[in-house]
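Note: the block below is my_file17.cif and it holds mmCIF, C-alpha atoms.
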```
data_start
#
loop_
_atom_site.group_PDB
_atom_site.id
_atom_site.type_symbol
_atom_site.label_atom_id
_atom_site.label_comp_id
_atom_site.auth_asym_id
_atom_site.auth_seq_id
_atom_site.Cartn_x
_atom_site.Cartn_y
_atom_site.Cartn_z
ATOM 1 C CA MET A 250 0.000 0.000 0.000
ATOM 2 C CA LEU A 251 2.771 2.449 0.885
ATOM 3 C CA ARG A 252 4.590 1.603 -2.351
ATOM 4 C CA VAL A 253 1.658 3.064 -4.267
ATOM 5 C CA PHE A 254 0.750 5.921 -1.927
ATOM 6 C CA PHE A 255 4.111 7.721 -1.810
ATOM 7 C CA PRO A 256 4.703 7.950 -5.590
ATOM 8 C CA VAL A 257 1.132 9.165 -6.109
ATOM 9 C CA ALA A 258 1.484 11.719 -3.296
ATOM 10 C CA ILE A 259 4.788 12.990 -4.713
ATOM 11 C CA CYS A 260 3.256 13.328 -8.197
ATOM 12 C CA LEU A 261 0.333 15.318 -6.791
ATOM 13 C CA LEU A 262 2.698 17.630 -4.920
ATOM 14 C CA LEU A 263 4.753 18.223 -8.057
ATOM 15 C CA VAL A 264 1.634 18.935 -10.115
ATOM 16 C CA GLY A 265 0.665 21.553 -7.549
ATOM 17 C CA CYS A 266 3.946 23.340 -8.270
ATOM 18 C CA ALA A 267 3.248 23.574 -12.005
ATOM 19 C CA ASN A 268 2.520 27.080 -13.219
ATOM 20 C CA THR A 269 1.473 28.590 -16.522
ATOM 21 C CA ARG A 270 1.579 32.246 -17.454
ATOM 22 C CA ASP A 271 -1.041 34.655 -16.214
ATOM 23 C CA PRO A 272 -2.978 36.675 -18.789
ATOM 24 C CA GLN A 273 -1.784 40.239 -19.394
ATOM 25 C CA ILE A 274 -5.117 41.962 -19.946
ATOM 26 C CA MET A 275 -5.124 45.289 -21.782
ATOM 27 C CA ALA A 276 -7.259 48.130 -20.493
ATOM 28 C CA ILE A 277 -10.548 48.529 -22.333
ATOM 29 C CA SER A 278 -10.692 52.249 -21.646
ATOM 30 C CA LEU A 279 -7.776 54.662 -21.494
ATOM 31 C CA PRO A 280 -7.916 58.270 -20.257
ATOM 32 C CA LYS A 281 -6.809 59.744 -23.601
ATOM 33 C CA ASP A 282 -9.093 57.682 -25.840
ATOM 34 C CA TYR A 283 -11.100 60.714 -26.980
ATOM 35 C CA GLU A 284 -7.892 62.528 -27.976
ATOM 36 C CA LEU A 285 -7.054 59.865 -30.582
ATOM 37 C CA SER A 286 -7.427 60.850 -34.220
ATOM 38 C CA CYS A 287 -9.500 58.734 -36.611
ATOM 39 C CA GLY A 288 -6.295 57.342 -38.114
ATOM 40 C CA GLN A 289 -4.940 56.354 -34.717
ATOM 41 C CA ILE A 290 -8.215 54.672 -33.768
ATOM 42 C CA ILE A 291 -8.306 52.691 -37.012
ATOM 43 C CA THR A 292 -4.639 51.683 -36.687
ATOM 44 C CA GLU A 293 -5.113 50.415 -33.125
ATOM 45 C CA TYR A 294 -8.374 48.658 -34.061
ATOM 46 C CA CYS A 295 -6.712 46.818 -36.962
ATOM 47 C CA SER A 296 -3.690 45.897 -34.853
ATOM 48 C CA ASN A 297 -5.894 44.554 -32.044
ATOM 49 C CA THR A 298 -7.962 42.565 -34.545
ATOM 50 C CA GLU A 299 -4.875 40.972 -36.090
ATOM 51 C CA THR A 300 -3.352 40.090 -32.719
ATOM 52 C CA ALA A 301 -6.637 38.801 -31.281
ATOM 53 C CA THR A 302 -7.237 36.626 -34.353
ATOM 54 C CA ALA A 303 -3.780 35.063 -34.004
ATOM 55 C CA LYS A 304 -4.232 34.471 -30.256
ATOM 56 C CA ILE A 305 -7.671 32.890 -30.703
ATOM 57 C CA LYS A 306 -6.373 30.632 -33.483
ATOM 58 C CA LYS A 307 -3.375 29.606 -31.369
ATOM 59 C CA ASN A 308 -5.582 28.994 -28.339
ATOM 60 C CA ASN A 309 -8.057 26.893 -30.339
ATOM 61 C CA ASP A 310 -5.159 24.847 -31.750
ATOM 62 C CA ASP A 311 -3.708 24.384 -28.258
ATOM 63 C CA ASP A 312 -6.989 23.239 -26.653
ATOM 64 C CA VAL A 313 -6.698 19.642 -27.868
ATOM 65 C CA GLN A 314 -2.988 19.548 -27.113
ATOM 66 C CA ASP A 315 -3.585 20.859 -23.575
ATOM 67 C CA ALA A 316 -6.277 18.270 -22.955
ATOM 68 C CA VAL A 317 -4.012 15.419 -24.069
ATOM 69 C CA VAL A 318 -0.874 16.711 -22.386
ATOM 70 C CA GLY A 319 -2.705 17.731 -19.211
ATOM 71 C CA THR A 320 -4.505 14.459 -18.692
ATOM 72 C CA LEU A 321 -2.179 11.869 -20.126
ATOM 73 C CA ILE A 322 1.334 13.215 -19.811
ATOM 74 C CA TRP A 323 1.898 16.037 -17.324
ATOM 75 C CA PRO A 324 -0.611 18.651 -16.109
ATOM 76 C CA GLY A 325 2.107 21.270 -15.603
ATOM 77 C CA LEU A 326 2.749 21.413 -19.345
ATOM 78 C CA ALA A 327 -0.821 22.417 -20.229
ATOM 79 C CA ASP A 328 -2.106 25.995 -20.171
ATOM 80 C CA PHE A 329 -5.266 25.785 -18.106
ATOM 81 C CA LYS A 330 -5.290 29.523 -17.345
ATOM 82 C CA ASN A 331 -6.301 30.270 -20.951
ATOM 83 C CA ALA A 332 -4.067 33.346 -21.113
ATOM 84 C CA ASP A 333 -4.262 33.794 -24.895
ATOM 85 C CA GLY A 334 -8.045 33.520 -24.974
ATOM 86 C CA ILE A 335 -8.534 36.010 -22.148
ATOM 87 C CA GLU A 336 -6.096 38.473 -23.727
ATOM 88 C CA ALA A 337 -7.790 38.154 -27.118
ATOM 89 C CA ASN A 338 -11.236 38.777 -25.626
ATOM 90 C CA ALA A 339 -9.911 41.898 -23.875
ATOM 91 C CA MET A 340 -8.614 43.177 -27.226
ATOM 92 C CA LEU A 341 -12.019 42.592 -28.792
ATOM 93 C CA ASP A 342 -13.662 44.497 -25.915
ATOM 94 C CA ARG A 343 -11.213 47.357 -26.497
ATOM 95 C CA ASN A 344 -12.135 47.332 -30.188
ATOM 96 C CA ILE A 345 -15.815 47.767 -29.320
ATOM 97 C CA ARG A 346 -14.891 50.886 -27.360
ATOM 98 C CA LEU A 347 -12.641 52.188 -30.141
ATOM 99 C CA LYS A 348 -15.349 51.677 -32.739
ATOM 100 C CA ASN A 349 -17.903 53.527 -30.596
ATOM 101 C CA ILE A 350 -15.497 56.463 -30.210
ATOM 102 C CA ALA A 351 -14.850 56.418 -33.958
ATOM 103 C CA LEU A 352 -18.594 56.549 -34.627
ATOM 104 C CA GLU A 353 -18.984 59.479 -32.206
ATOM 105 C CA LYS A 354 -16.177 61.309 -34.024
ATOM 106 C CA LYS A 355 -17.778 60.507 -37.399
ATOM 107 C CA CYS A 356 -14.754 58.484 -38.556
ATOM 108 C CA GLU A 357 -15.116 56.148 -41.522
ATOM 109 C CA VAL A 358 -15.605 52.676 -39.999
ATOM 110 C CA ALA A 359 -17.167 50.805 -42.923
ATOM 111 C CA ASN A 360 -13.849 49.229 -43.935
ATOM 112 C CA LEU A 361 -12.742 48.085 -40.487
ATOM 113 C CA PRO A 362 -11.822 44.389 -40.434
ATOM 114 C CA GLN A 363 -14.380 41.919 -39.173
ATOM 115 C CA GLN A 364 -13.781 40.790 -35.604
ATOM 116 C CA PRO A 365 -13.052 37.124 -34.918
ATOM 117 C CA VAL A 366 -15.466 35.065 -32.852
ATOM 118 C CA ARG A 367 -14.736 35.520 -29.161
ATOM 119 C CA TYR A 368 -12.924 32.719 -27.402
ATOM 120 C CA ASP A 369 -15.154 30.898 -24.942
#
```
Please express the file's structure as structure tokens.
Amino acid sequence: MLRVFFPVAICLLLVGCANTRDPQIMAISLPKDYELSCGQIITEYCSNTETATAKIKKNNDDDVQDAVVGTLIWPGLADFKNADGIEANAMLDRNIRLKNIALEKKCEVANLPQQPVRYD
């Protein structure tokens, strides 16, 4: 009985030490948002869209890998904090704010890139 208990207990302790990166969430609202020009708003919106799309794609690709690695191999190697997905969703929330400001300023928003589907 002890031959089984100690290795299992040690594995559980080691798994508890595993750590993945915390999400670095961008602010949705910044104090100088209304001072941005239409060009600056559009540039930031497009940049956020491109980055969020890449993060969501990477996170969706990693979901299966994390499930396999986390359950079958080693839980510490899987990203269960979903940092990329949370960061991407924050960028999409920021884009909603930027688009609303652009509409208030009467900026041309018809050609803004379509937003990716939020990561759930």
**Given all atoms listed in the file as the counted atoms, nearest of A:Ala339, A:Ala332, A:Leu347, A:Ala301 to Pro365 in chain A** =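 Of all the options, A:Ala301 lies closest to Pro365 in chain A.
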**Request:** Taking the file above as input, evaluate the PyMOL selection byres ((chain A and resi 283-293) around 8) and report the hits as an MDAnalysis selection string.
**Result:** chainID A and resid 280:282 294:297 347:348 350:351 354 356:358 361
Output C-alpha atoms for every residue in that selection, as a short mmCIF file (atom, residue, chain, number, x, y, z; two decimals), in the coordinates of the input.
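Final output, selection27.cif:
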```
data_model
loop_
_atom_site.label_atom_id
_atom_site.label_comp_id
_atom_site.auth_asym_id
_atom_site.auth_seq_id
_atom_site.Cartn_x
_atom_site.Cartn_y
_atom_site.Cartn_z
CA PRO A 280 -7.92 58.27 -20.26
CA LYS A 281 -6.81 59.74 -23.60
CA ASP A 282 -9.09 57.68 -25.84
CA TYR A 294 -8.37 48.66 -34.06
CA CYS A 295 -6.71 46.82 -36.96
CA SER A 296 -3.69 45.90 -34.85
CA ASN A 297 -5.89 44.55 -32.04
CA LEU A 347 -12.64 52.19 -30.14
CA LYS A 348 -15.35 51.68 -32.74
CA ILE A 350 -15.50 56.46 -30.21
CA ALA A 351 -14.85 56.42 -33.96
CA LYS A 354 -16.18 61.31 -34.02
CA CYS A 356 -14.75 58.48 -38.56
CA GLU A 357 -15.12 56.15 -41.52
CA VAL A 358 -15.60 52.68 -40.00
CA LEU A 361 -12.74 48.08 -40.49
#
```
**Item:** Distance criterion (only C-alpha atoms): nearest to Asn308 in chain A out of A:Asp369, A:Gln273, A:Ile345, A:Phe255
**Value:**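 Result for the nearest residue to Asn308 in chain A: A:Asp369.
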**Message:** To one decimal place in Å, what is the distance between CA of Leu341 in chain A and CA of Thr298 in chain A?
**Reply:**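 Separation of CA of Leu341 in chain A and CA of Thr298 in chain A: 7.0 Å.
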**Item:** Atomic distance CA of Leu352 in chain A - CA of Ala337 in chain A, expressed in Å with one decimal
**Value:** 22.6 Å
**Message:** Just to confirm, what's the straight-line distance from CA of Ala276 in chain A to CA of Ile335 in chain A in Å (one decimal)?
**Reply:** 12.3 Å
